[in-house]
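**Q** For reference, the file coords_1.txt (compact mmCIF, C-alpha atoms and all ligand atoms) is included below:
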# COMPACT_ATOMS: atom_id res chain seq x y z
CA MET A 110 0.00 0.00 0.00
CA GLN A 111 2.98 2.30 -0.46
CA GLN A 112 1.55 4.77 -2.98
CA PHE A 113 2.66 8.32 -2.40
CA TYR A 114 0.47 11.34 -2.92
CA THR A 115 1.82 14.82 -2.55
CA ILE A 116 -0.21 17.93 -2.11
CA ILE A 117 1.16 21.41 -2.01
CA ILE A 118 -0.35 23.61 0.62
CA CYS A 119 -0.23 27.07 -0.69
CA GLY A 120 -2.15 29.96 0.65
CA VAL A 121 -2.97 28.97 4.22
CA LYS A 122 -2.76 32.42 5.68
CA LYS A 123 -2.09 33.37 9.28
CA LYS A 124 -1.39 36.99 10.15
CA GLY A 125 -0.12 37.79 6.67
CA GLU A 126 1.99 34.67 6.58
CA ILE A 127 1.68 32.25 3.69
CA LEU A 128 2.60 28.68 4.46
CA VAL A 129 4.06 26.84 1.52
CA GLY A 130 4.91 23.26 2.28
CA MET A 131 4.58 19.71 1.10
CA ILE A 132 2.55 17.05 2.84
CA LYS A 133 2.73 13.50 1.59
CA GLY A 134 0.28 10.70 2.17
CA ASP A 135 1.27 7.08 1.88
CA SER A 136 -2.05 5.54 0.85
CA SER A 137 -4.80 6.08 -1.73
CA ASP A 138 -8.47 7.08 -1.75
CA TYR A 139 -7.70 10.54 -0.35
CA ASP A 140 -10.38 11.77 -2.76
CA LEU A 141 -12.86 9.60 -0.85
CA LEU A 142 -11.64 10.91 2.50
CA GLU A 143 -12.28 14.39 1.14
CA LYS A 144 -15.73 13.43 -0.15
CA TRP A 145 -16.74 11.78 3.14
CA SER A 146 -15.51 14.69 5.25
CA LYS A 147 -16.64 17.57 2.98
CA ASN A 148 -19.10 19.74 4.90
CA PHE A 149 -19.66 16.95 7.41
CA ASP A 150 -21.21 18.63 10.43
CA CYS A 151 -19.32 17.59 13.57
CA GLN A 152 -21.90 19.33 15.76
CA GLY A 153 -19.17 20.65 18.04
CA TYR A 154 -17.57 17.26 18.69
CA LYS A 155 -13.92 16.34 18.09
CA THR A 156 -12.31 14.62 15.10
CA CYS A 157 -9.35 12.29 15.29
CA GLU A 158 -6.76 10.53 13.18
CA ILE A 159 -4.88 7.55 14.57
CA GLY A 160 -1.59 7.48 12.68
CA VAL A 161 -0.72 10.93 11.34
CA ARG A 162 2.65 10.46 9.59
CA GLU A 163 3.21 13.60 7.46
CA GLY A 164 -0.35 14.74 8.03
CA LEU A 165 -2.22 14.40 4.73
CA GLY A 166 -5.22 12.58 6.24
CA SER A 167 -5.50 15.08 9.09
CA LYS A 168 -5.21 18.04 6.75
CA ILE A 169 -8.00 16.75 4.52
CA ILE A 170 -10.27 16.21 7.53
CA MET A 171 -9.54 19.63 9.06
CA ASP A 172 -10.04 21.39 5.72
CA ASN A 173 -13.39 19.76 5.01
CA VAL A 174 -15.45 19.10 8.13
CA ILE A 175 -17.48 21.87 9.69
CA ASN A 176 -18.35 22.70 13.33
CA ASN A 177 -15.39 20.70 14.58
CA TYR A 178 -14.30 21.34 18.17
CA ILE A 179 -10.68 20.29 17.51
CA HIS A 180 -8.81 17.69 15.46
CA VAL A 181 -6.68 15.30 17.53
CA GLY A 182 -3.77 13.48 15.91
CA VAL A 183 -2.47 10.40 17.73
CA ASP A 184 0.96 9.12 16.74
CA PRO A 185 4.01 8.00 18.74
CA TYR A 186 6.53 8.55 15.88
CA GLY A 187 10.00 7.60 17.22
CA ASN A 188 10.55 5.09 14.41
CA LEU A 189 9.14 2.31 16.58
CA GLU A 190 9.64 -1.33 15.72
CA TYR A 191 6.27 -3.08 15.83
CA GLN A 192 4.18 -5.72 14.09
CA HIS A 193 2.33 -3.89 11.31
CA TYR A 194 0.03 -6.66 10.01
CA ASP A 195 -1.56 -9.87 11.32
CA ASP A 196 0.78 -12.02 9.26
CA THR A 197 4.12 -10.21 9.41
CA GLY A 198 6.91 -9.86 11.93
CA SER A 199 8.05 -6.60 13.54
CA TYR A 200 9.98 -3.98 11.62
CA THR A 201 10.53 -0.22 11.56
CA CYS A 202 9.27 2.17 8.87
CA ASP A 203 10.13 5.81 8.33
CA TYR A 204 7.94 7.29 11.08
CA THR A 205 10.66 9.36 12.70
CA ASP A 206 10.62 12.24 15.16
CA GLU A 207 11.97 14.44 12.32
CA MET A 208 8.79 13.60 10.39
CA ARG A 209 6.73 14.67 13.44
CA ASP A 210 8.62 17.96 13.68
CA THR A 211 8.04 18.71 10.00
CA MET A 212 4.34 17.90 10.39
CA LEU A 213 4.09 20.19 13.42
CA LYS A 214 5.73 22.97 11.40
CA ASP A 215 3.37 22.41 8.45
CA PHE A 216 0.38 22.47 10.83
CA LYS A 217 1.45 25.64 12.65
CA PRO A 218 -1.46 27.70 11.24
CA TYR A 219 -3.95 25.05 12.44
CA ARG A 220 -2.21 24.78 15.84
CA ASN A 221 -2.16 28.54 16.29
CA GLU A 222 -5.89 28.64 15.64
CA GLY A 223 -6.50 25.83 18.16
CA ARG A 224 -7.72 23.49 15.43
CA PHE A 225 -5.10 20.74 15.79
CA THR A 226 -3.37 19.02 18.66
CA LEU A 227 -0.91 16.14 18.55
CA CYS A 228 -1.03 13.42 21.17
CA ASN A 229 2.48 12.11 20.67
CA MET A 230 1.78 8.61 21.95
CA THR A 231 0.43 5.24 20.88
CA ASP A 232 -3.25 4.49 20.44
CA THR A 233 -3.17 2.39 23.63
CA GLU A 234 -1.61 5.20 25.67
CA PHE A 235 -4.15 7.66 24.27
CA MET A 236 -7.11 5.42 25.09
CA ASN A 237 -5.77 4.86 28.61
CA GLU A 238 -5.30 8.56 29.43
CA SER A 239 -8.21 9.52 31.63
CA LYS A 240 -8.55 13.00 30.10
CA HIS A 241 -9.65 11.51 26.75
CA LYS A 242 -12.21 9.14 28.19
CA ASP A 243 -14.96 11.77 28.41
CA SER A 244 -14.42 13.12 24.88
CA LYS A 245 -16.83 12.51 22.02
CA PHE A 246 -15.74 12.14 18.42
CA ALA A 247 -17.72 12.82 15.25
CA PHE A 248 -15.17 11.72 12.64
CA VAL A 249 -12.25 9.30 13.05
CA HIS A 250 -9.66 8.13 10.52
CA PHE A 251 -8.09 4.83 11.60
CA ASP A 252 -4.65 4.68 10.00
CA GLY A 253 -2.19 3.64 12.73
CA PRO A 254 -1.52 0.00 13.53
CA HIS A 255 -3.00 -2.37 10.95
CA MET A 256 -3.45 -5.51 13.02
CA THR A 257 -7.05 -6.66 13.44
CA LYS A 258 -6.90 -6.72 17.25
CA ASP A 259 -5.56 -3.15 17.38
CA VAL A 260 -8.07 -1.69 14.89
CA LEU A 261 -10.93 -3.56 16.60
CA THR A 262 -9.86 -2.23 20.03
CA GLU A 263 -9.66 1.32 18.68
CA ALA A 264 -13.00 1.01 16.84
CA ILE A 265 -14.84 -0.12 19.98
CA TRP A 266 -13.19 2.55 22.14
CA PHE A 267 -14.26 5.28 19.69
CA ALA A 268 -17.71 3.74 19.13
CA ASN A 269 -18.28 4.13 22.88
CA ARG A 270 -17.38 7.80 22.48
CA SER A 271 -19.19 8.49 19.24
CA ALA A 272 -21.59 11.35 18.57
CA PRO A 273 -25.10 10.70 17.22
CA HIS A 274 -23.95 10.75 13.56
CA THR A 275 -20.27 9.78 13.71
CA ARG A 276 -18.31 8.63 10.65
CA PHE A 277 -15.42 6.18 10.86
CA VAL A 278 -12.96 5.84 7.96
CA PHE A 279 -10.63 2.83 7.91
CA ASP A 280 -7.52 2.83 5.74
CA ASP A 281 -6.03 -0.29 4.20
CA HIS A 282 -9.17 -2.23 5.10
CA ASN A 283 -8.03 -5.17 2.97
CA THR A 284 -5.02 -5.78 5.20
CA TYR A 285 -6.99 -6.76 8.33
CA GLU A 286 -10.29 -8.48 9.13
CA MET A 287 -12.53 -5.52 8.30
CA SER A 288 -15.62 -7.75 8.15
CA VAL A 289 -15.11 -8.68 11.82
CA ILE A 290 -14.69 -5.02 12.78
CA ALA A 291 -17.71 -3.92 10.71
CA HIS A 292 -19.82 -6.66 12.28
CA ALA A 293 -18.77 -5.63 15.82
CA LEU A 294 -19.67 -2.03 14.98
CA THR A 295 -23.22 -2.94 13.96
CA PHE A 296 -23.86 -3.38 17.71
CA PHE A 297 -23.05 0.35 18.03
CA ASP A 298 -25.38 1.26 15.10
CA PHE A 299 -22.58 1.72 12.54
CA HIS A 300 -23.09 0.50 8.98
CA THR A 301 -20.93 0.60 5.87
CA HIS A 302 -21.71 3.64 3.73
CA GLY A 303 -18.75 3.87 1.36
CA MET A 304 -16.11 1.58 -0.02
CA GLY A 305 -12.90 2.29 -1.92
CA GLN A 306 -9.87 0.23 -2.80
CA SER A 307 -8.08 1.13 0.40
CA LYS A 308 -10.53 3.19 2.49
CA CYS A 309 -14.04 2.41 3.65
CA MET A 310 -16.47 4.54 5.62
CA LEU A 311 -18.93 3.42 8.29
CA ALA A 312 -21.58 5.82 9.53
CA LYS A 313 -23.60 5.71 12.71
CA VAL A 314 -27.32 5.81 12.09
CA PRO A 315 -29.06 5.76 15.44
CA LYS A 316 -32.06 3.44 15.62
CA LYS A 317 -35.40 5.20 15.54
CA GLU A 318 -37.01 5.43 18.97
CA LYS A 319 -39.79 2.86 19.30
C1 LIG B 1 0.24 4.59 7.41
S1 LIG B 1 0.97 5.83 8.38
C2 LIG B 1 -0.30 7.05 8.51
C3 LIG B 1 -0.54 7.82 7.23
C4 LIG B 1 -1.39 9.06 7.38
N1 LIG B 1 -2.65 8.82 8.04
C5 LIG B 1 -1.66 9.68 6.01
O1 LIG B 1 -2.82 9.75 5.58
O2 LIG B 1 -0.71 10.10 5.35
C6 LIG B 1 0.93 5.05 9.95
C7 LIG B 1 1.27 5.93 11.14
O3 LIG B 1 0.83 5.21 12.30
C8 LIG B 1 1.69 5.50 13.35
N2 LIG B 1 1.59 4.47 14.39
C9 LIG B 1 2.27 3.33 14.53
N3 LIG B 1 1.90 2.67 15.63
C10 LIG B 1 0.94 3.41 16.20
C11 LIG B 1 0.16 3.26 17.38
N4 LIG B 1 0.30 2.19 18.17
N5 LIG B 1 -0.72 4.22 17.69
C12 LIG B 1 -0.87 5.32 16.88
N6 LIG B 1 -0.16 5.50 15.74
C13 LIG B 1 0.73 4.57 15.42
C14 LIG B 1 3.06 5.55 12.68
O4 LIG B 1 4.01 6.26 13.48
C15 LIG B 1 2.74 6.22 11.35
O5 LIG B 1 2.97 7.60 11.40
Show me, as structure tokens, the structure contained in the file I just sent.
Ligand SMILES: C[S@@+](CC[C@H](N)C(=O)[O-])C[C@H]1O[C@@H](n2cnc3c(N)ncnc32)[C@H](O)[C@@H]1O
**A**
Amino acid sequence: MQQFYTIIICGVKKKGEILVGMIKGDSSDYDLLEKWSKNFDCQGYKTCEIGVREGLGSKIIMDNVINNYIHVGVDPYGNLEYQHYDDTGSYTCDYTDEMRDTMLKDFKPYRNEGRFTLCNMTDTEFMNESKHKDSKFAFVHFDGPHMTKDVLTEAIWFANRSAPHTRFVFDDHNTYEMSVIAHALTFFDFHTHGMGQSKCMLAKVPKKEK
């Protein structure tokens, strides 16, 4: 899944400053992420991306959703060695602290406006921090660890903290047992609403009151 997309940010203005930078994404279906987030009303709840890398997914979400309280990026960076997929061993990628620092620089206009915060930690650490347990999320992009048990754990944690009309986007859904995750999420009223080659989108449709 190592396809590289580059977008040039040009014209993000903050106090007369123009940010010109390059943000790369390492997957595909960013057009779908844009479509699914465009004008999506977060109703004052948070958005989140697990696995930020250079920041393309987060940028697309922040640029397209509306009424978002804040976008939270969760990523430990540090070039960690870990098992990426159900059927591989552990290895490191290129997720370095230098990459984090570049992302933070590219996102300075968003950070200055209080629209982005980085939780520089793993998904597990994030979910265990008590200050996040009372948050509610309207839009989540799952693009960190790609092992079924990790994505399933994240999905259930966020489903328990989902807003009435939350959307979940999963990247690289063909690399883990997405059908198991989608089935588990039906118990939280999530159903599949969009499917691409690498990304799929599940939306929460609350049951009608009887
Ligand atoms: C596939 S890249 C993310 C790509 C990014 N979402 C984009 O659209 O360009 C995976 C990222 O997940 C991060 N990651 C690895 N283990 C993680 C964990 N346990 N919790 C959160 N993020 C993790 C890596 O550091 C890396 O930056």
**Q** Around all of ligand LIG 1 (chain B)'s listed atoms, make the axis-aligned box with 5 Å on each side and tell me centre and edge lengths in Å to one decimal, as AutoDock Vina command-line options.
**A**
--center_x 0.6 --center_y 6.1 --center_z 11.8 --size_x 16.8 --size_y 17.9 --size_z 22.8
**Q** Please identify the residues whose atoms come within 7 Å of ligand LIG 1 (chain B), using all atoms listed in the file, and report them as a CSV table (one decimal) with C-alpha atoms, in the coordinates of the input.
**A**
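Okay, result_19.csv is ready:
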chain,number,residue,atom,x,y,z
A,133,LYS,CA,2.7,13.5,1.6
A,134,GLY,CA,0.3,10.7,2.2
A,135,ASP,CA,1.3,7.1,1.9
A,136,SER,CA,-2.0,5.5,0.8
A,158,GLU,CA,-6.8,10.5,13.2
A,159,ILE,CA,-4.9,7.6,14.6
A,160,GLY,CA,-1.6,7.5,12.7
A,161,VAL,CA,-0.7,10.9,11.3
A,162,ARG,CA,2.6,10.5,9.6
A,163,GLU,CA,3.2,13.6,7.5
A,164,GLY,CA,-0.4,14.7,8.0
A,165,LEU,CA,-2.2,14.4,4.7
A,166,GLY,CA,-5.2,12.6,6.2
A,167,SER,CA,-5.5,15.1,9.1
A,183,VAL,CA,-2.5,10.4,17.7
A,184,ASP,CA,1.0,9.1,16.7
A,185,PRO,CA,4.0,8.0,18.7
A,186,TYR,CA,6.5,8.6,15.9
A,188,ASN,CA,10.6,5.1,14.4
A,204,TYR,CA,7.9,7.3,11.1
A,230,MET,CA,1.8,8.6,22.0
A,231,THR,CA,0.4,5.2,20.9
A,232,ASP,CA,-3.2,4.5,20.4
A,233,THR,CA,-3.2,2.4,23.6
A,252,ASP,CA,-4.6,4.7,10.0
A,253,GLY,CA,-2.2,3.6,12.7
A,254,PRO,CA,-1.5,0.0,13.5
**Q** Could you tell me which of A:Glu238, A:Glu286, A:Asp140, A:Asp281 comes closest to A:Leu261 if we count only C-alpha atoms?
**A** A:Glu286
**Q** Just want the 12 Å neighbourhood of A:Phe251, counted on only C-alpha atoms, with same-chain residues fewer than 6 positions away dropped. Output as an mmCIF file with C-alpha atoms, in the frame of the given file.
**A**
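So out.cif came out as:
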data_model
loop_
_atom_site.group_PDB
_atom_site.id
_atom_site.type_symbol
_atom_site.label_atom_id
_atom_site.label_comp_id
_atom_site.auth_asym_id
_atom_site.auth_seq_id
_atom_site.Cartn_x
_atom_site.Cartn_y
_atom_site.Cartn_z
ATOM 1 C CA LEU A 142 -11.640 10.910 2.500
ATOM 2 C CA THR A 156 -12.310 14.620 15.100
ATOM 3 C CA CYS A 157 -9.350 12.290 15.290
ATOM 4 C CA GLU A 158 -6.760 10.530 13.180
ATOM 5 C CA ILE A 159 -4.880 7.550 14.570
ATOM 6 C CA GLY A 160 -1.590 7.480 12.680
ATOM 7 C CA VAL A 161 -0.720 10.930 11.340
ATOM 8 C CA GLY A 166 -5.220 12.580 6.240
ATOM 9 C CA SER A 167 -5.500 15.080 9.090
ATOM 10 C CA GLY A 182 -3.770 13.480 15.910
ATOM 11 C CA VAL A 183 -2.470 10.400 17.730
ATOM 12 C CA ASP A 184 0.960 9.120 16.740
ATOM 13 C CA ASP A 232 -3.250 4.490 20.440
ATOM 14 C CA THR A 257 -7.050 -6.660 13.440
ATOM 15 C CA ASP A 259 -5.560 -3.150 17.380
ATOM 16 C CA VAL A 260 -8.070 -1.690 14.890
ATOM 17 C CA LEU A 261 -10.930 -3.560 16.600
ATOM 18 C CA THR A 262 -9.860 -2.230 20.030
ATOM 19 C CA GLU A 263 -9.660 1.320 18.680
ATOM 20 C CA ALA A 264 -13.000 1.010 16.840
ATOM 21 C CA ILE A 265 -14.840 -0.120 19.980
ATOM 22 C CA TRP A 266 -13.190 2.550 22.140
ATOM 23 C CA PHE A 267 -14.260 5.280 19.690
ATOM 24 C CA ARG A 276 -18.310 8.630 10.650
ATOM 25 C CA PHE A 277 -15.420 6.180 10.860
ATOM 26 C CA VAL A 278 -12.960 5.840 7.960
ATOM 27 C CA PHE A 279 -10.630 2.830 7.910
ATOM 28 C CA ASP A 280 -7.520 2.830 5.740
ATOM 29 C CA ASP A 281 -6.030 -0.290 4.200
ATOM 30 C CA HIS A 282 -9.170 -2.230 5.100
ATOM 31 C CA MET A 287 -12.530 -5.520 8.300
ATOM 32 C CA ILE A 290 -14.690 -5.020 12.780
ATOM 33 C CA SER A 307 -8.080 1.130 0.400
ATOM 34 C CA LYS A 308 -10.530 3.190 2.490
ATOM 35 C CA CYS A 309 -14.040 2.410 3.650
ATOM 36 C CA MET A 310 -16.470 4.540 5.620
ATOM 37 C CA LEU A 311 -18.930 3.420 8.290
#
**Q** In terms of the shortest atom-to-atom distance over all atoms listed in the file, which of A:Asp243, A:Glu222, A:Glu207, A:Asp195 is closest to A:Thr284?
**A** A:Asp195
**Q** Pick the closest to A:Lys313 from A:His274, A:Val289, A:Ile170, A:Asn283: which is it, counting all atoms listed in the file?
**A**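 Checking each candidate against A:Lys313, we get A:His274 as the closest.
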**Q** Excluding same-chain residues fewer than 4 positions from A:Glu143, what lies within 7 Å of it counting only C-alpha atoms, as a PyMOL selection string?
**A** chain A and resi 139+147+169-170+173
**Q** May I ask which of the residues A:Leu141, A:Met256, A:Ala247, A:Ala272 is the closest one to A:Asn177, counting only C-alpha atoms?
**A**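 Smallest distance to A:Asn177 is found for A:Ala247.
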**Q** Between atom CA of A:Ser244 and atom CA of A:Lys258, what distance in Å does the model show, to one decimal?
**A** 22.5 Å
**Q** Quick one: distance from atom CA of A:Phe299 to atom CA of A:Val181 in Å, one decimal?
**A**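 Rounded to one decimal, the two atoms are 21.5 Å apart.
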**Q** So how far away is atom CA of A:His302 from atom CA of A:Asn237, in Å?
**A**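 Atom-to-atom, atom CA of A:Asn237 to atom CA of A:His302, that is 29.6 Å.
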**Q** Which residues are close to A:Gln152, i.e. within 12 Å by only C-alpha atoms, leaving aside same-chain residues fewer than 6 positions away? Reply as a ChimeraX atom specification.
**A** /A:174-179,245-248,271-275
**Q** Could you model N, CA and C atoms for stretch 213-244 of chain A and present them as a PDB file, in the frame of the given file?
**A**
ATOM      1  N   LEU A 213       4.503  19.137  12.477  1.00  0.00           N
ATOM      2  CA  LEU A 213       4.090  20.190  13.420  1.00  0.00           C
ATOM      3  C   LEU A 213       4.342  21.576  12.810  1.00  0.00           C
ATOM      4  N   LYS A 214       5.431  21.693  12.055  1.00  0.00           N
ATOM      5  CA  LYS A 214       5.730  22.970  11.400  1.00  0.00           C
ATOM      6  C   LYS A 214       4.672  23.262  10.317  1.00  0.00           C
ATOM      7  N   ASP A 215       4.369  22.237   9.502  1.00  0.00           N
ATOM      8  CA  ASP A 215       3.370  22.410   8.450  1.00  0.00           C
ATOM      9  C   ASP A 215       1.994  22.773   9.027  1.00  0.00           C
ATOM     10  N   PHE A 216       1.709  22.251  10.222  1.00  0.00           N
ATOM     11  CA  PHE A 216       0.380  22.470  10.830  1.00  0.00           C
ATOM     12  C   PHE A 216       0.354  23.673  11.765  1.00  0.00           C
ATOM     13  N   LYS A 217       1.401  24.498  11.726  1.00  0.00           N
ATOM     14  CA  LYS A 217       1.450  25.640  12.650  1.00  0.00           C
ATOM     15  C   LYS A 217       0.211  26.531  12.534  1.00  0.00           C
ATOM     16  N   PRO A 218      -0.261  26.840  11.309  1.00  0.00           N
ATOM     17  CA  PRO A 218      -1.460  27.700  11.240  1.00  0.00           C
ATOM     18  C   PRO A 218      -2.657  27.057  11.935  1.00  0.00           C
ATOM     19  N   TYR A 219      -2.822  25.744  11.783  1.00  0.00           N
ATOM     20  CA  TYR A 219      -3.950  25.050  12.440  1.00  0.00           C
ATOM     21  C   TYR A 219      -3.744  25.042  13.955  1.00  0.00           C
ATOM     22  N   ARG A 220      -2.487  24.830  14.393  1.00  0.00           N
ATOM     23  CA  ARG A 220      -2.210  24.780  15.840  1.00  0.00           C
ATOM     24  C   ARG A 220      -2.434  26.150  16.462  1.00  0.00           C
ATOM     25  N   ASN A 221      -2.002  27.187  15.751  1.00  0.00           N
ATOM     26  CA  ASN A 221      -2.160  28.540  16.290  1.00  0.00           C
ATOM     27  C   ASN A 221      -3.631  28.916  16.437  1.00  0.00           C
ATOM     28  N   GLU A 222      -4.447  28.347  15.557  1.00  0.00           N
ATOM     29  CA  GLU A 222      -5.890  28.640  15.640  1.00  0.00           C
ATOM     30  C   GLU A 222      -6.618  27.673  16.559  1.00  0.00           C
ATOM     31  N   GLY A 223      -5.882  26.792  17.229  1.00  0.00           N
ATOM     32  CA  GLY A 223      -6.500  25.830  18.160  1.00  0.00           C
ATOM     33  C   GLY A 223      -7.317  24.768  17.451  1.00  0.00           C
ATOM     34  N   ARG A 224      -6.935  24.475  16.191  1.00  0.00           N
ATOM     35  CA  ARG A 224      -7.720  23.490  15.430  1.00  0.00           C
ATOM     36  C   ARG A 224      -7.056  22.118  15.388  1.00  0.00           C
ATOM     37  N   PHE A 225      -5.798  22.035  15.834  1.00  0.00           N
ATOM     38  CA  PHE A 225      -5.100  20.740  15.790  1.00  0.00           C
ATOM     39  C   PHE A 225      -4.259  20.568  17.046  1.00  0.00           C
ATOM     40  N   THR A 226      -4.287  19.346  17.575  1.00  0.00           N
ATOM     41  CA  THR A 226      -3.370  19.020  18.660  1.00  0.00           C
ATOM     42  C   THR A 226      -2.810  17.627  18.413  1.00  0.00           C
ATOM     43  N   LEU A 227      -1.527  17.465  18.705  1.00  0.00           N
ATOM     44  CA  LEU A 227      -0.910  16.140  18.550  1.00  0.00           C
ATOM     45  C   LEU A 227      -0.796  15.466  19.906  1.00  0.00           C
ATOM     46  N   CYS A 228      -1.309  14.274  20.018  1.00  0.00           N
ATOM     47  CA  CYS A 228      -1.030  13.420  21.170  1.00  0.00           C
ATOM     48  C   CYS A 228       0.084  12.493  20.722  1.00  0.00           C
ATOM     49  N   ASN A 229       1.284  12.824  21.147  1.00  0.00           N
ATOM     50  CA  ASN A 229       2.480  12.110  20.670  1.00  0.00           C
ATOM     51  C   ASN A 229       2.654  10.833  21.481  1.00  0.00           C
ATOM     52  N   MET A 230       1.826   9.864  21.173  1.00  0.00           N
ATOM     53  CA  MET A 230       1.780   8.610  21.950  1.00  0.00           C
ATOM     54  C   MET A 230       1.070   7.555  21.118  1.00  0.00           C
ATOM     55  N   THR A 231       1.113   6.321  21.608  1.00  0.00           N
ATOM     56  CA  THR A 231       0.430   5.240  20.880  1.00  0.00           C
ATOM     57  C   THR A 231      -1.078   5.329  21.122  1.00  0.00           C
ATOM     58  N   ASP A 232      -1.803   4.591  20.278  1.00  0.00           N
ATOM     59  CA  ASP A 232      -3.250   4.490  20.440  1.00  0.00           C
ATOM     60  C   ASP A 232      -3.611   3.987  21.848  1.00  0.00           C
ATOM     61  N   THR A 233      -2.881   2.982  22.310  1.00  0.00           N
ATOM     62  CA  THR A 233      -3.170   2.390  23.630  1.00  0.00           C
ATOM     63  C   THR A 233      -2.973   3.424  24.739  1.00  0.00           C
ATOM     64  N   GLU A 234      -1.859   4.170  24.658  1.00  0.00           N
ATOM     65  CA  GLU A 234      -1.610   5.200  25.670  1.00  0.00           C
ATOM     66  C   GLU A 234      -2.709   6.259  25.640  1.00  0.00           C
ATOM     67  N   PHE A 235      -3.090   6.647  24.424  1.00  0.00           N
ATOM     68  CA  PHE A 235      -4.150   7.660  24.270  1.00  0.00           C
ATOM     69  C   PHE A 235      -5.458   7.174  24.906  1.00  0.00           C
ATOM     70  N   MET A 236      -5.826   5.938  24.593  1.00  0.00           N
ATOM     71  CA  MET A 236      -7.110   5.420  25.090  1.00  0.00           C
ATOM     72  C   MET A 236      -7.091   5.233  26.607  1.00  0.00           C
ATOM     73  N   ASN A 237      -5.877   5.060  27.157  1.00  0.00           N
ATOM     74  CA  ASN A 237      -5.770   4.860  28.610  1.00  0.00           C
ATOM     75  C   ASN A 237      -5.654   6.155  29.403  1.00  0.00           C
ATOM     76  N   GLU A 238      -5.423   7.276  28.712  1.00  0.00           N
ATOM     77  CA  GLU A 238      -5.300   8.560  29.430  1.00  0.00           C
ATOM     78  C   GLU A 238      -6.678   9.026  29.853  1.00  0.00           C
ATOM     79  N   SER A 239      -6.852   9.246  31.141  1.00  0.00           N
ATOM     80  CA  SER A 239      -8.210   9.520  31.630  1.00  0.00           C
ATOM     81  C   SER A 239      -8.816  10.768  30.999  1.00  0.00           C
ATOM     82  N   LYS A 240      -7.968  11.753  30.629  1.00  0.00           N
ATOM     83  CA  LYS A 240      -8.550  13.000  30.100  1.00  0.00           C
ATOM     84  C   LYS A 240      -9.265  12.817  28.762  1.00  0.00           C
ATOM     85  N   HIS A 241      -8.977  11.714  28.046  1.00  0.00           N
ATOM     86  CA  HIS A 241      -9.650  11.510  26.750  1.00  0.00           C
ATOM     87  C   HIS A 241     -10.928  10.694  26.888  1.00  0.00           C
ATOM     88  N   LYS A 242     -11.112  10.101  28.064  1.00  0.00           N
ATOM     89  CA  LYS A 242     -12.210   9.140  28.190  1.00  0.00           C
ATOM     90  C   LYS A 242     -13.590   9.788  28.140  1.00  0.00           C
ATOM     91  N   ASP A 243     -13.658  11.091  28.445  1.00  0.00           N
ATOM     92  CA  ASP A 243     -14.960  11.770  28.410  1.00  0.00           C
ATOM     93  C   ASP A 243     -15.204  12.512  27.101  1.00  0.00           C
ATOM     94  N   SER A 244     -14.252  12.417  26.156  1.00  0.00           N
ATOM     95  CA  SER A 244     -14.420  13.120  24.880  1.00  0.00           C
ATOM     96  C   SER A 244     -15.411  12.385  24.001  1.00  0.00           C
TER      97      SER A 244
END
